[in-house]
file protein24.cif (mmCIF, C-alpha atoms)
data_my_file
#
loop_
_atom_site.label_atom_id
_atom_site.label_comp_id
_atom_site.auth_asym_id
_atom_site.auth_seq_id
_atom_site.Cartn_x
_atom_site.Cartn_y
_atom_site.Cartn_z
CA MET A 1 70.82 123.68 99.49
CA ALA A 2 72.13 123.70 95.91
CA SER A 3 70.99 126.50 93.62
CA ARG A 4 68.64 125.65 90.77
CA GLY A 5 71.34 126.39 88.20
CA ALA A 6 74.03 124.25 89.82
CA PRO A 7 74.92 120.96 88.06
CA LYS A 8 73.57 117.84 89.71
CA THR A 9 76.06 115.41 91.20
CA ARG A 10 75.94 111.86 92.53
CA LEU A 11 78.24 110.00 94.90
CA VAL A 12 80.20 107.17 93.26
CA PRO A 13 83.35 105.18 94.13
CA LYS A 14 86.50 107.19 93.36
CA SER A 15 88.09 106.17 90.09
CA SER A 16 90.84 107.33 87.77
CA LEU A 17 88.41 106.46 85.00
CA ASN A 18 86.09 109.26 86.15
CA ARG A 19 88.89 111.82 85.97
CA ALA A 20 89.98 110.52 82.57
CA LEU A 21 86.45 110.75 81.16
CA ASN A 22 86.08 114.27 82.55
CA ALA A 23 89.20 115.31 80.65
CA LEU A 24 88.45 113.40 77.44
CA GLY A 25 84.84 114.51 77.19
CA ASP A 26 82.27 112.94 74.90
CA ARG A 27 82.34 111.05 71.60
CA TRP A 28 83.00 114.20 69.58
CA SER A 29 86.03 115.07 71.69
CA LEU A 30 87.44 111.58 71.16
CA LEU A 31 86.91 111.83 67.41
CA VAL A 32 88.79 115.14 67.44
CA LEU A 33 91.61 113.53 69.43
CA GLN A 34 91.73 110.62 66.98
CA GLU A 35 92.11 113.03 64.07
CA ALA A 36 94.88 114.86 65.92
CA PHE A 37 96.84 111.59 66.00
CA LEU A 38 96.06 111.13 62.29
CA GLY A 39 97.74 114.45 61.53
CA ALA A 40 94.98 117.07 61.63
CA THR A 41 95.99 120.40 63.18
CA ARG A 42 93.84 123.16 61.67
CA PHE A 43 90.18 123.77 62.38
CA GLU A 44 89.20 123.31 58.72
CA GLU A 45 91.03 119.97 58.61
CA PHE A 46 89.08 118.70 61.60
CA HIS A 47 85.81 119.98 60.15
CA GLU A 48 86.44 118.46 56.73
CA ARG A 49 87.18 115.05 58.26
CA LEU A 50 84.47 115.01 60.92
CA GLY A 51 81.68 117.17 59.55
CA GLY A 52 79.01 118.31 62.00
CA ALA A 53 78.28 121.77 63.32
CA ARG A 54 81.22 124.15 63.45
CA SER A 55 80.09 125.30 66.90
CA THR A 56 80.29 121.71 68.18
CA LEU A 57 83.81 121.28 66.86
CA SER A 58 84.87 124.63 68.31
CA SER A 59 83.58 123.74 71.78
CA ARG A 60 85.34 120.34 71.74
CA LEU A 61 88.65 121.86 70.66
CA GLN A 62 88.35 124.44 73.43
CA ALA A 63 87.57 121.74 76.00
CA LEU A 64 90.58 119.65 74.99
CA GLU A 65 92.68 122.80 75.20
CA ARG A 66 91.36 123.55 78.72
CA HIS A 67 92.33 120.06 79.82
CA ASN A 68 95.84 120.54 78.40
CA ILE A 69 95.44 117.77 75.82
CA LEU A 70 95.67 120.10 72.83
CA LYS A 71 97.50 123.42 72.59
CA LYS A 72 96.73 126.18 70.11
CA LYS A 73 99.71 127.67 68.29
CA PRO A 74 100.11 129.97 65.27
CA HIS A 75 100.02 127.95 62.05
CA ARG A 76 102.11 130.56 60.25
CA GLU A 77 104.81 132.94 61.35
CA ASP A 78 102.46 135.90 60.96
CA GLY A 79 99.94 134.21 63.25
CA ALA A 80 97.11 134.67 60.76
CA ARG A 81 95.88 131.13 61.36
CA MET A 82 95.98 128.94 64.43
CA ALA A 83 96.69 125.22 64.68
CA TYR A 84 96.00 122.66 67.39
CA HIS A 85 98.86 120.40 68.48
CA LEU A 86 99.06 117.58 70.99
CA THR A 87 100.62 118.54 74.31
CA PRO A 88 102.84 116.04 76.17
CA ARG A 89 99.72 115.01 78.09
CA GLY A 90 97.83 114.53 74.83
CA ALA A 91 100.67 112.72 73.07
CA ASP A 92 100.89 110.34 76.04
CA MET A 93 97.49 109.01 75.00
CA PHE A 94 99.06 107.36 71.95
CA ASP A 95 99.07 103.90 73.54
CA SER A 96 95.37 104.05 74.42
CA ILE A 97 94.43 105.39 70.97
CA LEU A 98 96.52 102.64 69.36
CA ALA A 99 94.78 100.02 71.50
CA MET A 100 91.40 101.49 70.55
CA TRP A 101 92.21 101.20 66.85
CA ALA A 102 93.57 97.66 67.26
CA TRP A 103 90.39 96.56 69.06
CA GLY A 104 88.35 97.93 66.18
CA VAL A 105 90.41 95.99 63.63
CA ARG A 106 90.20 92.73 65.58
CA TRP A 107 86.44 92.94 65.94
CA GLY A 108 85.54 94.58 62.66
CA VAL A 109 84.11 97.76 64.16
CA SER A 110 86.67 100.34 63.04
CA GLY A 111 85.30 103.80 62.38
CA ARG A 112 85.13 105.29 58.92
CA ARG A 113 88.58 106.86 59.31
CA ALA A 114 90.15 104.60 61.92
CA PRO A 115 93.39 102.97 60.72
CA THR A 116 93.24 99.42 59.39
CA VAL A 117 96.93 98.83 58.61
CA PHE A 118 99.82 99.19 61.06
CA VAL A 119 103.52 98.78 60.21
CA HIS A 120 106.29 98.65 62.82
CA THR A 121 109.12 100.51 61.09
CA ASP A 122 111.78 98.98 63.38
CA CYS A 123 111.13 95.48 61.98
CA GLY A 124 109.42 96.59 58.78
CA LYS A 125 106.48 94.21 59.16
CA PRO A 126 102.72 94.73 59.20
CA MET A 127 101.42 93.99 62.68
CA LEU A 128 98.60 94.44 65.14
CA PRO A 129 99.45 96.36 68.33
CA GLU A 130 99.29 94.33 71.55
CA THR A 131 99.06 95.53 75.15
CA THR A 132 101.73 93.74 77.15
CA CYS A 133 103.32 93.77 80.60
CA GLY A 134 106.35 96.04 80.75
CA HIS A 135 108.03 93.61 83.19
CA CYS A 136 107.57 90.16 81.63
CA GLY A 137 106.31 90.95 78.13
CA ASP A 138 103.21 88.73 78.37
CA PRO A 139 99.82 90.04 77.20
CA LEU A 140 97.72 91.92 79.75
CA THR A 141 94.28 90.35 79.97
CA LEU A 142 91.33 90.44 82.34
CA HIS A 143 92.23 87.01 83.73
CA SER A 144 95.97 87.68 84.08
CA CYS A 145 95.52 90.67 86.40
CA THR A 146 94.23 91.03 89.95
CA PHE A 147 93.43 94.14 91.96
CA THR A 148 93.50 95.25 95.56
CA PRO A 149 92.15 98.48 97.08
CA GLY A 150 94.65 101.31 96.96
CA PRO A 151 95.32 104.24 99.32
CA GLY A 152 93.07 106.53 97.28
CA GLN A 153 89.92 104.44 97.62
CA GLY A 154 86.82 106.29 98.73
CA TRP A 155 83.91 108.23 97.28
CA GLU A 156 83.65 111.29 95.08
CA ARG A 157 80.93 113.39 93.52
CA LEU A 158 80.35 112.75 89.82
CA PRO A 159 78.63 115.52 87.84
CA VAL A 160 75.57 114.30 85.95
CA GLN A 161 75.83 115.68 82.45
CA ARG A 162 74.16 115.08 79.16
CA MET A 163 76.06 112.55 77.09
CA HIS A 164 76.53 112.64 73.33
CA ARG A 165 76.98 109.38 71.49
CA ARG A 166 75.76 107.52 68.44
CA ARG A 167 73.27 104.99 69.67
CA ALA A 168 73.35 101.48 68.30
CA THR A 169 70.10 100.34 66.70
CA GLU A 170 68.52 97.07 65.65
CA ASP A 171 69.72 97.70 62.08
CA SER A 172 73.22 98.75 63.08
CA PRO A 173 74.27 97.06 66.35
CA ALA A 174 78.01 97.65 65.91
CA ILE A 175 79.56 99.99 68.46
CA GLU A 176 82.90 101.76 68.18
CA LEU A 177 85.17 102.23 71.15
CA VAL A 178 84.72 106.00 70.83
CA ASP A 179 81.03 105.34 71.53
CA LEU A 180 81.91 103.41 74.68
CA LEU A 181 84.25 106.08 76.01
CA GLY A 182 82.17 108.97 74.70
CA ASP A 183 79.19 107.94 76.77
CA ARG A 184 79.99 108.12 80.47
CA TRP A 185 77.44 105.56 81.59
CA THR A 186 78.31 102.96 78.96
CA GLY A 187 81.97 103.08 79.97
CA LEU A 188 81.12 102.81 83.65
CA VAL A 189 78.72 99.90 83.07
CA VAL A 190 81.52 98.05 81.25
CA SER A 191 83.92 98.78 84.10
CA THR A 192 81.68 97.03 86.66
CA GLN A 193 82.63 93.73 85.02
CA TYR A 194 86.27 94.21 85.97
CA PHE A 195 85.24 94.18 89.64
CA GLY A 196 83.06 91.07 89.38
CA VAL A 197 79.71 92.88 89.32
CA HIS A 198 77.31 91.13 86.92
CA ARG A 199 73.74 91.63 88.12
CA PHE A 200 71.44 94.54 87.37
CA ASP A 201 70.75 95.53 90.97
CA GLU A 202 74.45 95.30 91.88
CA MET A 203 75.42 97.53 88.93
CA GLN A 204 72.71 100.01 89.84
CA SER A 205 73.88 100.13 93.45
CA MET A 206 77.55 100.50 92.52
CA LEU A 207 77.00 103.27 89.97
CA GLY A 208 73.95 105.05 91.33
CA ILE A 209 72.48 104.88 87.84
CA ALA A 210 68.78 105.23 86.95
CA SER A 211 67.17 101.92 85.98
CA ASN A 212 66.05 103.13 82.54
CA ILE A 213 69.57 104.35 81.69
CA LEU A 214 71.12 101.09 82.87
CA THR A 215 68.58 99.08 80.85
CA ASP A 216 69.43 101.09 77.74
CA ARG A 217 73.20 100.69 78.13
CA LEU A 218 72.94 96.96 78.83
CA ARG A 219 70.79 96.52 75.73
CA THR A 220 73.31 98.40 73.60
CA LEU A 221 76.21 96.33 74.96
CA GLU A 222 74.29 93.10 74.39
CA LEU A 223 73.35 94.04 70.82
CA SER A 224 76.98 94.93 70.17
CA GLY A 225 78.23 91.52 71.30
CA ILE A 226 80.16 92.95 74.25
CA PHE A 227 77.86 91.54 76.94
CA GLU A 228 75.83 88.36 76.95
CA ARG A 229 72.83 87.78 79.20
CA ARG A 230 72.62 84.57 81.26
CA LEU A 231 69.63 83.28 83.21
CA TYR A 232 70.49 82.62 86.86
CA GLU A 233 66.99 82.35 88.35
CA ILE A 234 63.92 80.87 86.67
CA THR A 235 61.02 82.14 88.82
CA PRO A 236 60.89 85.03 88.42
CA PRO A 237 63.34 85.10 85.49
CA ARG A 238 66.50 86.97 86.48
CA TYR A 239 69.61 87.52 84.41
CA GLU A 240 73.22 88.44 84.90
CA TYR A 241 75.52 90.01 82.36
CA ARG A 242 78.88 88.55 81.40
CA MET A 243 81.54 89.81 79.05
CA THR A 244 82.06 88.00 75.77
CA LYS A 245 85.55 87.58 74.30
CA LYS A 246 84.93 90.82 72.43
CA GLY A 247 84.10 92.53 75.70
CA MET A 248 87.06 91.09 77.61
CA ASP A 249 89.32 92.41 74.85
CA LEU A 250 88.41 95.92 76.06
CA TYR A 251 90.26 95.37 79.34
CA PRO A 252 93.76 96.28 78.11
CA HIS A 253 92.43 99.60 76.84
CA ALA A 254 90.90 100.27 80.25
CA LEU A 255 94.30 99.61 81.85
CA LEU A 256 95.93 102.10 79.47
CA ILE A 257 93.36 104.80 80.27
CA LEU A 258 93.83 104.20 84.01
CA ALA A 259 97.61 104.36 83.64
CA TRP A 260 97.31 107.63 81.72
CA ALA A 261 95.01 109.13 84.35
CA ASP A 262 97.34 108.03 87.17
CA ARG A 263 100.25 109.79 85.42
CA TRP A 264 98.51 113.05 84.58
CA LEU A 265 95.45 113.29 86.83
CA ARG A 266 96.78 111.65 89.97
CA ASP A 267 94.72 111.85 93.14
CA LYS A 268 96.72 113.22 96.08
CA ALA A 269 95.78 110.21 98.18
CA GLY A 270 97.19 107.77 95.62
CA PRO A 271 95.61 105.25 93.27
CA GLU A 272 92.16 103.89 94.03
CA VAL A 273 93.16 100.36 93.05
CA VAL A 274 96.50 98.60 92.70
CA ILE A 275 96.55 96.20 89.76
CA THR A 276 99.04 93.32 89.74
CA HIS A 277 100.00 91.13 86.79
CA LYS A 278 100.38 87.36 87.16
CA CYS A 279 104.17 87.83 86.99
CA GLY A 280 103.90 89.37 90.46
CA ASN A 281 104.68 92.95 89.51
CA PRO A 282 102.41 96.00 89.56
CA VAL A 283 100.96 96.45 86.09
CA GLU A 284 103.16 98.51 83.80
CA THR A 285 101.49 98.85 80.40
CA GLN A 286 103.38 98.70 77.12
CA MET A 287 102.27 98.55 73.48
CA SER A 288 104.16 95.89 71.54
CA CYS A 289 104.48 94.72 67.94
CA SER A 290 102.72 91.41 67.30
CA ALA A 291 105.46 90.47 64.80
CA CYS A 292 108.72 91.17 66.65
CA LYS A 293 107.43 92.00 70.17
CA GLY A 294 109.33 95.30 70.11
CA ARG A 295 107.98 98.39 71.85
CA LEU A 296 105.73 100.67 69.81
CA THR A 297 105.98 104.46 69.94
CA MET A 298 104.67 107.37 67.90
CA ALA A 299 108.03 107.46 66.13
CA ASN A 300 108.11 103.84 64.91
CA VAL A 301 104.52 103.10 63.89
CA LEU A 302 103.34 103.73 60.34
CA ILE A 303 99.56 104.05 60.14
CA LYS A 304 97.24 103.91 57.17
CA ALA A 305 94.02 105.74 57.97
CA GLY A 306 90.59 104.60 56.86
CA LYS A 307 90.42 106.82 53.77
CA GLY A 308 93.87 105.84 52.55
CA HIS A 309 95.91 108.59 54.23
CA THR A 310 99.27 107.35 55.53
CA ILE A 311 101.04 109.00 58.47
CA SER A 312 104.05 108.18 60.59
#

call {"tool": "encode", "arguments": {"input": "protein24.cif", "output": "structure tokens"}}
result
Amino acid sequence: MASRGAPKTRLVPKSSLNRALNALGDRWSLLVLQEAFLGATRFEEFHERLGGARSTLSSRLQALERHNILKKKPHREDGARMAYHLTPRGADMFDSILAMWAWGVRWGVSGRRAPTVFVHTDCGKPMLPETTCGHCGDPLTLHSCTFTPGPGQGWERLPVQRMHRRRATEDSPAIELVDLLGDRWTGLVVSTQYFGVHRFDEMQSMLGIASNILTDRLRTLELSGIFERRLYEITPPRYEYRMTKKGMDLYPHALLILAWADRWLRDKAGPEVVITHKCGNPVETQMSCSACKGRLTMANVLIKAGKGHTIS
């Protein structure tokens, strides 16, 4: 029998996404990570850009450090101040962060500091990053990929924890991708679509989610234009939820997060699912320039942040 102080858990299908979300944390952690890619290193820089309670920022920086995404180093030779730098594991999230920003630009939901201008320095042209197949170069989309169960399929216990996210409202229905990833249940509800699960009871069964929480997340996704509700039974009225074009455009980002988790948080048994592109090869993700189709890296992308700061 579990002790009263022990965290509650629930049994859910094993997923690299679960391990990724455990490491990335909530919305605040993702905002901190975004600022790290925009050049912030010192505590005061993060606080100036993000605001909020200093204790909240401190806990998120410590969590990202525990998960080996950020590393604290002396800012000066005398060690009087400390700075936070991306580790190799953290820097390897560049593709997924770039895809997140590109999704925001395409759908007009960029955050207040998210970049709006991207330049590929190899070709010198403004562009919009695209997620493509590393084998054939074609775009990776929901309908161009198929999946089969992998050797790591099974069940695992998922801790139930309080989530922190900015809720969409009637007055402000827009949702940022950091909100989707920063709320565990919202991200998992979206992921059910990738496996062909569209009905309320099927989602609830797959995720083990409380009905009121599922209702709330579906409402948020519908208000945000990511899901649309379709009537499939008249008496009594029953609905299923389908992704809009805006929602389907989230799929490449999900592939990038899964690829990152499989590289750094690999399950000993192997991947839970094997995803294959229409070219016949296992999916190998790559970020490409929309202008010249060249590969994008941290070294060849010039970014203009939301408040006019330019980094490279």

call {"tool": "resolve_selection", "arguments": {"input": "protein24.cif", "expression": "the PyMOL selection byres ((chain A and resi 290) around 10)", "output": "list in words"}}
result
His120, Lys125, Pro126, Met127, Leu128, Pro129, Glu130, Thr131, Met287, Ser288, Cys289, Ala291, Cys292, Lys293, Gly294 and Arg295 of chain A

call {"tool": "resolve_selection", "arguments": {"input": "protein24.cif", "expression": "the PyMOL selection byres ((chain A and resi 182-193) around 6)", "output": "NGL selection string"}}
result
:A and (26-27 or 163 or 165 or 178-181 or 194-197 or 217)

call {"tool": "resolve_selection", "arguments": {"input": "protein24.cif", "expression": "the PyMOL selection byres ((chain A and resi 218) around 10)", "output": "list in words"}}
result
Thr186, Val189, Val190, Phe200, Asn212, Ile213, Leu214, Thr215, Asp216, Arg217, Arg219, Thr220, Leu221, Glu222, Leu223, Ser224, Ile226, Phe227, Glu228, Arg229 and Tyr241 of chain A

call {"tool": "closest_atom_pairs", "arguments": {"input": "protein24.cif", "of": "range 12-59 of chain A", "to": "range 82-85 of chain A", "cutoff": "12 Å", "atoms": "only C-alpha atoms", "output": "CSV"}}
result
residue,atom,partner,partner_atom,distance
A:Val32,CA,A:Tyr84,CA,10.4
A:Leu33,CA,A:His85,CA,10.0
A:Glu35,CA,A:Tyr84,CA,10.9
A:Ala36,CA,A:His85,CA,7.3
A:Phe37,CA,A:His85,CA,9.4
A:Leu38,CA,A:His85,CA,11.5
A:Gly39,CA,A:His85,CA,9.2
A:Ala40,CA,A:Tyr84,CA,8.1
A:Thr41,CA,A:Tyr84,CA,4.8
A:Arg42,CA,A:Ala83,CA,4.6
A:Phe43,CA,A:Ala83,CA,7.1
A:Glu44,CA,A:Ala83,CA,9.8
A:Glu45,CA,A:Ala83,CA,9.8
A:Phe46,CA,A:Tyr84,CA,9.9
A:Ser58,CA,A:Tyr84,CA,11.3

call {"tool": "closest_residue", "arguments": {"input": "protein24.cif", "among": "A:Gly225, A:His143, A:Trp28, A:Tyr239", "to": "Gly108 in chain A", "atoms": "only C-alpha atoms"}}
result
A:Gly225

call {"tool": "closest_residue", "arguments": {"input": "protein24.cif", "among": "A:Leu30, A:Leu98, A:Cys133, A:Leu61", "to": "Cys279 in chain A", "atoms": "only C-alpha atoms"}}
result
A:Cys133

call {"tool": "atom_distance", "arguments": {"input": "protein24.cif", "atom1": "CA of Leu50 in chain A", "atom2": "CA of His253 in chain A"}}
result
23.5 Å

call {"tool": "atom_distance", "arguments": {"input": "protein24.cif", "atom1": "CA of Asn300 in chain A", "atom2": "CA of Thr132 in chain A"}}
result
17.1 Å

call {"tool": "atom_distance", "arguments": {"input": "protein24.cif", "atom1": "CA of Leu21 in chain A", "atom2": "CA of Ser144 in chain A"}}
result
25.1 Å

call {"tool": "residues_near_point", "arguments": {"input": "protein24.cif", "point": "(89.5, 112.0, 82.5)", "cutoff": "12 Å", "atoms": "only C-alpha atoms", "output": "PyMOL selection string"}}
result
chain A and resi 15-26+29-30+63-64+67-69+89-90+93+158+181-182+184+187+257-267

call {"tool": "residues_near_point", "arguments": {"input": "protein24.cif", "point": "(94.4, 97.5, 91.7)", "cutoff": "9 Å", "atoms": "only C-alpha atoms", "output": "MDAnalysis selection string"}}
result
chainID A and resid 145:150 271:276 282:283

call {"tool": "residues_around", "arguments": {"input": "protein24.cif", "residues": "Pro252 in chain A", "least_positions_apart": "4", "cutoff": "7 Å", "atoms": "only C-alpha atoms", "output": "tab-separated table (two decimals) with C-alpha atoms, keeping the file's coordinate frame"}}
result
chain	number	residue	atom	x	y	z
A	131	THR	CA	99.06	95.53	75.15
A	140	LEU	CA	97.72	91.92	79.75
A	141	THR	CA	94.28	90.35	79.97
A	256	LEU	CA	95.93	102.10	79.47
